[in-house]
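The file structure22.pdb comes next; it holds PDB, C-alpha atoms.
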```pdb
ATOM      1  CA  MET A   1      81.243  70.726 193.519
ATOM      2  CA  ILE A   2      81.409  69.727 189.854
ATOM      3  CA  ARG A   3      79.010  66.857 190.513
ATOM      4  CA  ARG A   4      76.524  69.285 192.086
ATOM      5  CA  ILE A   5      76.709  71.612 189.076
ATOM      6  CA  ILE A   6      76.136  68.687 186.697
ATOM      7  CA  THR A   7      73.133  67.580 188.783
ATOM      8  CA  LEU A   8      71.619  71.104 188.711
ATOM      9  CA  LEU A   9      72.101  71.369 184.950
ATOM     10  CA  THR A  10      70.407  68.005 184.458
ATOM     11  CA  LEU A  11      67.424  69.115 186.545
ATOM     12  CA  LEU A  12      67.115  72.326 184.536
ATOM     13  CA  VAL A  13      67.062  70.383 181.265
ATOM     14  CA  VAL A  14      64.387  68.026 182.595
ATOM     15  CA  ILE A  15      62.224  70.912 183.876
ATOM     16  CA  SER A  16      62.558  72.776 180.581
ATOM     17  CA  SER A  17      61.611  69.653 178.662
ATOM     18  CA  CYS A  18      58.517  69.082 180.807
ATOM     19  CA  LYS A  19      57.462  72.729 180.460
ATOM     20  CA  ALA A  20      57.830  72.604 176.701
ATOM     21  CA  GLN A  21      55.842  69.405 176.554
ATOM     22  CA  GLY A  22      53.116  70.950 178.715
ATOM     23  CA  ASN A  23      52.835  73.952 176.377
ATOM     24  CA  ASN A  24      52.572  71.647 173.388
ATOM     25  CA  ASN A  25      49.754  69.740 175.074
ATOM     26  CA  ILE A  26      47.858  72.978 175.653
ATOM     27  CA  LYS A  27      48.308  73.906 172.003
ATOM     28  CA  GLN A  28      47.193  70.464 170.875
ATOM     29  CA  ASN A  29      44.103  70.636 173.075
ATOM     30  CA  LYS A  30      43.116  73.894 171.436
ATOM     31  CA  THR A  31      43.206  72.283 168.006
ATOM     32  CA  SER A  32      42.196  68.736 168.907
ATOM     33  CA  GLU A  33      38.662  69.059 167.509
ATOM     34  CA  ARG A  34      38.634  68.478 163.781
ATOM     35  CA  THR A  35      35.927  68.215 161.150
ATOM     36  CA  THR A  36      36.148  66.237 157.938
ATOM     37  CA  GLU A  37      32.911  67.668 156.534
ATOM     38  CA  LYS A  38      33.105  68.925 152.954
ATOM     39  CA  PHE A  39      30.768  70.666 150.549
ATOM     40  CA  ASP A  40      29.485  68.431 147.745
ATOM     41  CA  THR A  41      30.651  70.610 144.851
ATOM     42  CA  SER A  42      30.004  68.028 142.120
ATOM     43  CA  THR A  43      26.302  67.667 142.971
ATOM     44  CA  TYR A  44      25.969  71.409 143.555
ATOM     45  CA  TYR A  45      27.267  72.442 140.132
ATOM     46  CA  MET A  46      25.396  69.651 138.375
ATOM     47  CA  GLU A  47      22.019  70.322 140.007
ATOM     48  CA  ARG A  48      21.861  74.028 140.718
ATOM     49  CA  GLN A  49      19.409  76.232 138.843
ATOM     50  CA  GLY A  50      20.736  79.685 138.122
ATOM     51  CA  LEU A  51      22.879  80.742 141.071
ATOM     52  CA  GLU A  52      21.578  78.338 143.707
ATOM     53  CA  TYR A  53      20.577  74.762 144.463
ATOM     54  CA  GLN A  54      17.542  73.866 146.576
ATOM     55  CA  PHE A  55      16.429  70.433 147.704
ATOM     56  CA  GLU A  56      14.651  68.547 150.483
ATOM     57  CA  HIS A  57      16.656  66.418 152.912
ATOM     58  CA  TYR A  58      15.022  63.928 155.282
ATOM     59  CA  LEU A  59      17.096  65.127 158.261
ATOM     60  CA  ARG A  60      17.847  68.759 157.464
ATOM     61  CA  GLY A  61      14.589  69.755 155.826
ATOM     62  CA  LYS A  62      14.662  72.358 153.087
ATOM     63  CA  VAL A  63      18.259  73.066 152.033
ATOM     64  CA  ARG A  64      19.383  76.116 150.077
ATOM     65  CA  GLN A  65      22.954  76.354 148.751
ATOM     66  CA  PHE A  66      24.657  79.136 146.827
ATOM     67  CA  GLY A  67      28.057  80.770 146.275
ATOM     68  CA  GLY A  68      31.281  79.489 144.761
ATOM     69  CA  ASN A  69      31.453  82.036 141.968
ATOM     70  CA  ASN A  70      34.574  84.190 141.534
ATOM     71  CA  GLY A  71      36.295  82.470 144.466
ATOM     72  CA  SER A  72      33.498  83.111 146.974
ATOM     73  CA  ASN A  73      32.780  80.597 149.736
ATOM     74  CA  TYR A  74      29.889  78.133 149.550
ATOM     75  CA  ILE A  75      26.894  78.918 151.767
ATOM     76  CA  GLU A  76      24.170  76.579 153.000
ATOM     77  CA  TYR A  77      20.958  77.239 154.927
ATOM     78  CA  SER A  78      18.804  74.331 156.102
ATOM     79  CA  LYS A  79      15.623  74.230 158.192
ATOM     80  CA  LYS A  80      12.711  71.885 158.705
ATOM     81  CA  GLU A  81       9.302  73.349 157.893
ATOM     82  CA  LYS A  82       7.948  73.131 161.444
ATOM     83  CA  ASP A  83      11.123  74.351 163.162
ATOM     84  CA  LEU A  84      11.797  77.922 164.208
ATOM     85  CA  PHE A  85      15.538  77.389 164.028
ATOM     86  CA  GLY A  86      17.786  76.272 161.196
ATOM     87  CA  THR A  87      21.471  75.591 160.523
ATOM     88  CA  TYR A  88      23.911  77.844 158.693
ATOM     89  CA  LYS A  89      27.088  76.471 157.149
ATOM     90  CA  GLU A  90      29.906  78.089 155.215
ATOM     91  CA  TYR A  91      32.603  76.212 153.313
ATOM     92  CA  TYR A  92      35.981  77.361 151.995
ATOM     93  CA  ASN A  93      36.034  77.815 148.234
ATOM     94  CA  ARG A  94      39.492  76.334 147.639
ATOM     95  CA  THR A  95      39.203  73.184 149.753
ATOM     96  CA  ALA A  96      35.401  72.897 150.137
ATOM     97  CA  THR A  97      36.001  72.141 153.839
ATOM     98  CA  LEU A  98      33.658  73.438 156.541
ATOM     99  CA  LYS A  99      34.566  76.929 157.755
ATOM    100  CA  LEU A 100      31.636  78.059 159.928
ATOM    101  CA  VAL A 101      28.573  76.362 161.412
ATOM    102  CA  GLY A 102      25.841  77.569 163.729
ATOM    103  CA  LYS A 103      22.136  77.943 164.391
ATOM    104  CA  TYR A 104      19.850  80.792 163.381
ATOM    105  CA  TYR A 105      16.303  81.873 164.149
ATOM    106  CA  TYR A 106      14.401  81.718 160.902
ATOM    107  CA  ASN A 107      13.414  85.367 160.998
ATOM    108  CA  ASP A 108      16.422  87.410 161.948
ATOM    109  CA  PHE A 109      19.196  86.415 164.359
ATOM    110  CA  ASP A 110      22.022  83.943 165.010
ATOM    111  CA  CYS A 111      21.955  81.873 168.197
ATOM    112  CA  GLY A 112      23.733  79.174 170.175
ATOM    113  CA  ILE A 113      27.366  78.171 169.798
ATOM    114  CA  TRP A 114      28.961  78.927 166.436
ATOM    115  CA  LYS A 115      32.178  77.114 165.484
ATOM    116  CA  GLU A 116      34.891  78.226 163.077
ATOM    117  CA  TYR A 117      37.439  75.881 161.448
ATOM    118  CA  ASP A 118      40.595  76.467 159.415
ATOM    119  CA  GLU A 119      41.047  75.026 155.919
ATOM    120  CA  ASN A 120      42.527  71.837 157.385
ATOM    121  CA  GLY A 121      39.399  71.246 159.444
ATOM    122  CA  TYR A 122      40.782  72.211 162.860
ATOM    123  CA  LEU A 123      38.612  74.206 165.248
ATOM    124  CA  ILE A 124      40.055  77.704 165.676
ATOM    125  CA  ASP A 125      37.279  79.588 167.471
ATOM    126  CA  GLU A 126      33.857  79.396 169.090
ATOM    127  CA  TYR A 127      31.273  82.125 169.555
ATOM    128  CA  ASP A 128      28.408  82.041 172.054
ATOM    129  CA  GLN A 129      25.770  84.126 170.288
ATOM    130  CA  ASP A 130      23.420  83.843 173.295
ATOM    131  CA  ALA A 131      25.834  85.269 175.877
ATOM    132  CA  PRO A 132      24.550  88.893 175.873
ATOM    133  CA  TYR A 133      20.961  87.667 176.347
ATOM    134  CA  LYS A 134      21.454  85.094 179.118
ATOM    135  CA  ASN A 135      19.446  87.120 181.670
ATOM    136  CA  TYR A 136      16.417  87.155 179.372
ATOM    137  CA  PRO A 137      16.922  84.228 176.980
ATOM    138  CA  TRP A 138      14.873  83.082 174.021
ATOM    139  CA  GLU A 139      12.641  80.861 176.161
ATOM    140  CA  LYS A 140      11.296  83.914 178.011
ATOM    141  CA  VAL A 141      10.801  85.849 174.784
ATOM    142  CA  GLU A 142       8.937  82.915 173.260
ATOM    143  CA  LYS A 143       6.665  82.665 176.310
ATOM    144  CA  PHE A 144       5.990  86.415 176.265
ATOM    145  CA  VAL A 145       5.109  86.388 172.554
ATOM    146  CA  LYS A 146       2.817  83.362 172.829
ATOM    147  CA  GLU A 147       1.125  83.999 176.177
ATOM    148  CA  GLU A 148       1.103  87.776 176.533
ATOM    149  CA  LEU A 149       0.948  88.984 172.935
ATOM    150  CA  LYS A 150      -0.972  85.941 171.638
ATOM    151  CA  LEU A 151       1.082  85.860 168.428
ATOM    152  CA  ASP A 152       2.015  83.009 166.126
ATOM    153  CA  LEU A 153       5.786  82.770 165.757
ATOM    154  CA  PHE A 154       5.386  81.163 162.319
ATOM    155  CA  ASP A 155       3.435  84.169 161.061
ATOM    156  CA  LYS A 156       5.677  86.023 158.595
ATOM    157  CA  LYS A 157       4.259  89.312 159.884
ATOM    158  CA  VAL A 158       5.773  88.576 163.281
ATOM    159  CA  VAL A 159       9.472  89.448 163.271
ATOM    160  CA  ILE A 160      11.835  89.003 166.216
ATOM    161  CA  HIS A 161      15.282  90.544 166.193
ATOM    162  CA  ARG A 162      17.953  91.071 168.836
ATOM    163  CA  TYR A 163      21.015  93.276 169.046
ATOM    164  CA  VAL A 164      23.331  95.113 171.417
ATOM    165  CA  SER A 165      22.760  98.876 171.319
ATOM    166  CA  LYS A 166      25.783 100.731 169.972
ATOM    167  CA  HIS A 167      25.116 103.674 172.279
ATOM    168  CA  SER A 168      23.981 102.158 175.581
ATOM    169  CA  LYS A 169      25.630  98.713 175.090
ATOM    170  CA  ILE A 170      22.386  97.177 176.368
ATOM    171  CA  PRO A 171      21.281  93.901 174.741
ATOM    172  CA  ILE A 172      17.792  94.335 173.294
ATOM    173  CA  TRP A 173      15.027  92.107 171.986
ATOM    174  CA  ARG A 174      12.802  93.740 169.373
ATOM    175  CA  ILE A 175       9.401  92.223 168.586
ATOM    176  CA  ARG A 176       7.531  93.620 165.593
ATOM    177  CA  TRP A 177       4.163  92.470 164.223
ATOM    178  CA  GLN A 178       1.495  93.694 161.862
ATOM    179  CA  VAL A 179      -2.284  93.610 162.205
ATOM    180  CA  GLY A 180      -4.038  95.048 159.166
ATOM    181  CA  ILE A 181      -2.414  98.401 158.462
ATOM    182  CA  LYS A 182      -1.173  98.719 162.039
ATOM    183  CA  VAL A 183       2.421  97.909 162.973
ATOM    184  CA  TYR A 184       3.430  97.331 166.599
ATOM    185  CA  THR A 185       6.952  97.278 168.012
ATOM    186  CA  ILE A 186       8.118  96.331 171.490
ATOM    187  CA  LYS A 187      11.705  96.532 172.729
ATOM    188  CA  ILE A 188      12.804  94.566 175.795
ATOM    189  CA  ASN A 189      15.932  95.158 177.874
ATOM    190  CA  ALA A 190      17.607  91.718 177.907
ATOM    191  CA  ASN A 191      19.456  92.554 181.138
ATOM    192  CA  THR A 192      16.300  93.250 183.139
ATOM    193  CA  GLY A 193      13.487  91.745 181.064
ATOM    194  CA  LYS A 194      11.586  95.042 181.209
ATOM    195  CA  ILE A 195       9.873  96.710 178.248
ATOM    196  CA  ILE A 196      11.788  99.869 177.415
ATOM    197  CA  ASN A 197       9.859 100.976 174.345
ATOM    198  CA  GLN A 198       6.442 100.303 172.822
ATOM    199  CA  VAL A 199       5.384 101.922 169.535
ATOM    200  CA  GLU A 200       2.280 101.755 167.362
ATOM    201  CA  GLY A 201       2.374 102.886 163.750
ATOM    202  CA  GLU A 202       0.979 102.205 160.301
ATOM    203  CA  VAL A 203       2.310 100.395 157.258
ATOM    204  CA  GLU A 204       4.067 102.798 154.919
ATOM    205  CA  LYS A 205       2.228 103.145 151.626
TER     206      LYS A 205
END
```

What is this file in structure tokens?
Amino acid sequence: MIRRIITLLTLLVVISSCKAQGNNNIKQNKTSERTTEKFDTSTYYMERQGLEYQFEHYLRGKVRQFGGNNGSNYIEYSKKEKDLFGTYKEYYNRTATLKLVGKYYYNDFDCGIWKEYDENGYLIDEYDQDAPYKNYPWEKVEKFVKEELKLDLFDKKVVIHRYVSKHSKIPIWRIRWQVGIKVYTIKINANTGKIINQVEGEVEK
């Protein structure tokens, strides 16, 4: 009887140990991705003009950096001249380590997978900025703008924005462009791909 009790206790200890080890593995997997990227503060403070530093990089294109004053984080935007999308990065002020990185459309919205790291460089979260618009993704919007509207996406008078309506909770694409004094706006339901609103107006004087 005593031997059986000892055997049961031993099994319980082993099971508990394995369970604890399994939980630790899950926790480790969540934080296994790590970045060692840091903001080059020495070059930034030495080269910046006024409150920001701009330069050309052979891989990243035009780079604009600012921040760092009064304990604020460092911010960097980079985009090649012929690209519609660029990269946003934010670095912790105290450690200069990478905090946030993701892609953005050069006019007005974030896109793709954004990653957030703690001050030690470990990944703590990911955000899929495209998730609400998966039924009518960017590729369809781009095709509509080029083929149906015959607009140039690099034209600064063509602005594309997207958002989730606070009232209806519907994800919406908004396309706005100007021709002379006329301003046109089209809103597309990203769930169905149908135009829900089309407005023509004039530039405010």

To verify the selection step, state as a short mmCIF file (atom, residue, chain, number, x, y, z; two decimals) with C-alpha atoms, in the frame of the given file which residues the PyMOL selection byres ((chain A and resi 40) around 12) yields on this input.
```cif
data_model
loop_
_atom_site.label_atom_id
_atom_site.label_comp_id
_atom_site.auth_asym_id
_atom_site.auth_seq_id
_atom_site.Cartn_x
_atom_site.Cartn_y
_atom_site.Cartn_z
CA GLU A 37 32.91 67.67 156.53
CA LYS A 38 33.10 68.92 152.95
CA PHE A 39 30.77 70.67 150.55
CA THR A 41 30.65 70.61 144.85
CA SER A 42 30.00 68.03 142.12
CA THR A 43 26.30 67.67 142.97
CA TYR A 44 25.97 71.41 143.56
CA TYR A 45 27.27 72.44 140.13
CA MET A 46 25.40 69.65 138.38
CA GLU A 47 22.02 70.32 140.01
CA ARG A 48 21.86 74.03 140.72
CA TYR A 53 20.58 74.76 144.46
CA GLN A 65 22.95 76.35 148.75
CA PHE A 66 24.66 79.14 146.83
CA GLY A 68 31.28 79.49 144.76
CA TYR A 74 29.89 78.13 149.55
CA ILE A 75 26.89 78.92 151.77
CA GLU A 76 24.17 76.58 153.00
CA TYR A 91 32.60 76.21 153.31
CA TYR A 92 35.98 77.36 152.00
CA ASN A 93 36.03 77.82 148.23
CA THR A 95 39.20 73.18 149.75
CA ALA A 96 35.40 72.90 150.14
CA THR A 97 36.00 72.14 153.84
CA LEU A 98 33.66 73.44 156.54
#
```

Notebook entry, point to check: Counting only C-alpha atoms, which of A:Glu119, A:Asp108, A:Glu81, A:Asp155 gets nearest to A:Thr36?
Noted result: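 Of all the options, A:Glu119 lies closest to A:Thr36.
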
Checklist line | Proximity to A:Lys82 - best of A:Leu153, A:Val63, A:His57, A:Glu142, only C-alpha atoms | finding: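 Once distances to A:Lys82 are computed over only C-alpha atoms, the minimum belongs to A:Leu153.
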
Note to self: Taking 6 positions as the minimum chain separation for residues in the same chain, which residues sit within 8 Å of A:Lys157 when counting only C-alpha atoms? Answer as a PyMOL selection string.
What the structure shows: chain A and resi 176-178

Checklist line | Between atom CA of A:Glu116 and atom CA of A:Gly86, distance in Å (one decimal) | finding: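 So the answer is 17.3 Å.
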
Checklist line | Answer key for the PyMOL selection byres ((chain A and resi 61) around 7), residues as a list of chain:residue names | finding: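 In the shown coordinates, the PyMOL selection byres ((chain A and resi 61) around 7) covers A:Glu56, A:His57, A:Tyr58, A:Leu59, A:Arg60, A:Lys62, A:Val63, A:Ser78, A:Lys79, A:Lys80, A:Glu81.
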
Notebook entry, point to check: the PyMOL selection byres ((chain A and resi 165) around 12) on the file shown: which residues, as a list in words?
Noted result: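 This file, filtered by the PyMOL selection byres ((chain A and resi 165) around 12), leaves Pro132, Arg162, Tyr163, Val164, Lys166, His167, Ser168, Lys169, Ile170, Pro171, Ile172, Trp173, Arg174, Lys187, Ile188, Asn189 and Ala190 of chain A.
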
Item checked: Minimum-distance residue to A:Asp125, chosen among A:Lys194, A:Lys99, A:Lys156, A:Lys89 (using only C-alpha atoms) -> A:Lys99

Next item on the list: Take atom CA of A:Tyr136 and atom CA of A:Asn191 and report the distance between them in Å, one decimal.
Entry: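 It comes out at 6.4 Å.
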
Mind completing stretch 124-135 of chain A with all heavy atoms? Output as a compact mmCIF listing (two decimals), in the frame of the given file, please?
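Result went into selection-v8.txt, see below:
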```
# COMPACT_ATOMS: atom_id res chain seq x y z
N ILE A 124 39.21 76.57 165.29
CA ILE A 124 40.06 77.70 165.68
C ILE A 124 39.34 78.71 166.57
O ILE A 124 39.97 79.53 167.23
CB ILE A 124 40.63 78.43 164.44
CG1 ILE A 124 39.49 78.87 163.49
CG2 ILE A 124 41.64 77.55 163.71
CD1 ILE A 124 39.97 79.67 162.29
N ASP A 125 38.00 78.64 166.61
CA ASP A 125 37.28 79.59 167.47
C ASP A 125 35.84 79.14 167.69
O ASP A 125 35.29 78.38 166.90
CB ASP A 125 37.28 80.98 166.84
CG ASP A 125 37.30 82.08 167.89
OD1 ASP A 125 36.97 81.77 169.07
OD2 ASP A 125 37.63 83.23 167.57
N GLU A 126 35.26 79.64 168.77
CA GLU A 126 33.86 79.40 169.09
C GLU A 126 33.23 80.71 169.54
O GLU A 126 33.88 81.50 170.23
CB GLU A 126 33.71 78.35 170.20
CG GLU A 126 34.04 76.94 169.77
CD GLU A 126 33.71 75.93 170.87
OE1 GLU A 126 33.72 76.33 172.05
OE2 GLU A 126 33.45 74.77 170.55
N TYR A 127 31.97 80.91 169.17
CA TYR A 127 31.27 82.12 169.56
C TYR A 127 29.94 81.75 170.20
O TYR A 127 29.16 81.01 169.62
CB TYR A 127 30.98 83.01 168.33
CG TYR A 127 32.09 83.09 167.32
CD1 TYR A 127 32.09 82.28 166.19
CD2 TYR A 127 33.14 83.99 167.48
CE1 TYR A 127 33.10 82.35 165.24
CE2 TYR A 127 34.17 84.06 166.55
CZ TYR A 127 34.14 83.25 165.43
OH TYR A 127 35.14 83.32 164.51
N ASP A 128 29.68 82.27 171.39
CA ASP A 128 28.41 82.04 172.05
C ASP A 128 27.50 83.22 171.73
O ASP A 128 27.57 84.28 172.36
CB ASP A 128 28.60 81.92 173.57
CG ASP A 128 27.31 81.57 174.28
OD1 ASP A 128 26.26 81.48 173.60
OD2 ASP A 128 27.33 81.39 175.51
N GLN A 129 26.63 83.05 170.74
CA GLN A 129 25.77 84.13 170.29
C GLN A 129 24.71 84.50 171.33
O GLN A 129 24.13 85.58 171.28
CB GLN A 129 25.07 83.72 168.98
CG GLN A 129 26.01 83.30 167.86
CD GLN A 129 26.69 84.47 167.19
OE1 GLN A 129 26.64 85.59 167.69
NE2 GLN A 129 27.33 84.23 166.06
N ASP A 130 24.46 83.60 172.29
CA ASP A 130 23.42 83.84 173.30
C ASP A 130 23.92 84.58 174.53
O ASP A 130 23.12 85.00 175.38
CB ASP A 130 22.80 82.52 173.74
CG ASP A 130 22.07 81.81 172.61
OD1 ASP A 130 21.64 82.50 171.67
OD2 ASP A 130 21.95 80.57 172.66
N ALA A 131 25.24 84.71 174.65
CA ALA A 131 25.83 85.27 175.88
C ALA A 131 25.25 86.61 176.31
O ALA A 131 24.93 86.79 177.50
CB ALA A 131 27.36 85.37 175.71
N PRO A 132 25.07 87.59 175.42
CA PRO A 132 24.55 88.89 175.87
C PRO A 132 23.11 88.83 176.37
O PRO A 132 22.64 89.74 177.05
CB PRO A 132 24.64 89.77 174.62
CG PRO A 132 25.64 89.08 173.73
CD PRO A 132 25.44 87.63 174.00
N TYR A 133 22.40 87.75 176.05
CA TYR A 133 20.96 87.67 176.35
C TYR A 133 20.63 86.61 177.41
O TYR A 133 19.48 86.19 177.54
CB TYR A 133 20.19 87.37 175.05
CG TYR A 133 20.62 88.26 173.91
CD1 TYR A 133 21.62 87.83 173.02
CD2 TYR A 133 20.09 89.53 173.73
CE1 TYR A 133 22.05 88.65 171.99
CE2 TYR A 133 20.52 90.35 172.70
CZ TYR A 133 21.50 89.91 171.84
OH TYR A 133 21.94 90.72 170.81
N LYS A 134 21.64 86.19 178.16
CA LYS A 134 21.45 85.09 179.12
C LYS A 134 20.48 85.44 180.24
O LYS A 134 19.84 84.56 180.82
CB LYS A 134 22.81 84.66 179.70
CG LYS A 134 23.53 85.75 180.47
CD LYS A 134 24.90 85.26 180.95
CE LYS A 134 25.64 86.36 181.71
NZ LYS A 134 26.96 85.90 182.18
N ASN A 135 20.36 86.72 180.60
CA ASN A 135 19.45 87.12 181.67
C ASN A 135 17.98 87.08 181.23
O ASN A 135 17.08 86.93 182.05
CB ASN A 135 19.79 88.52 182.18
CG ASN A 135 21.10 88.55 182.94
OD1 ASN A 135 21.53 87.54 183.49
ND2 ASN A 135 21.75 89.70 182.96
```
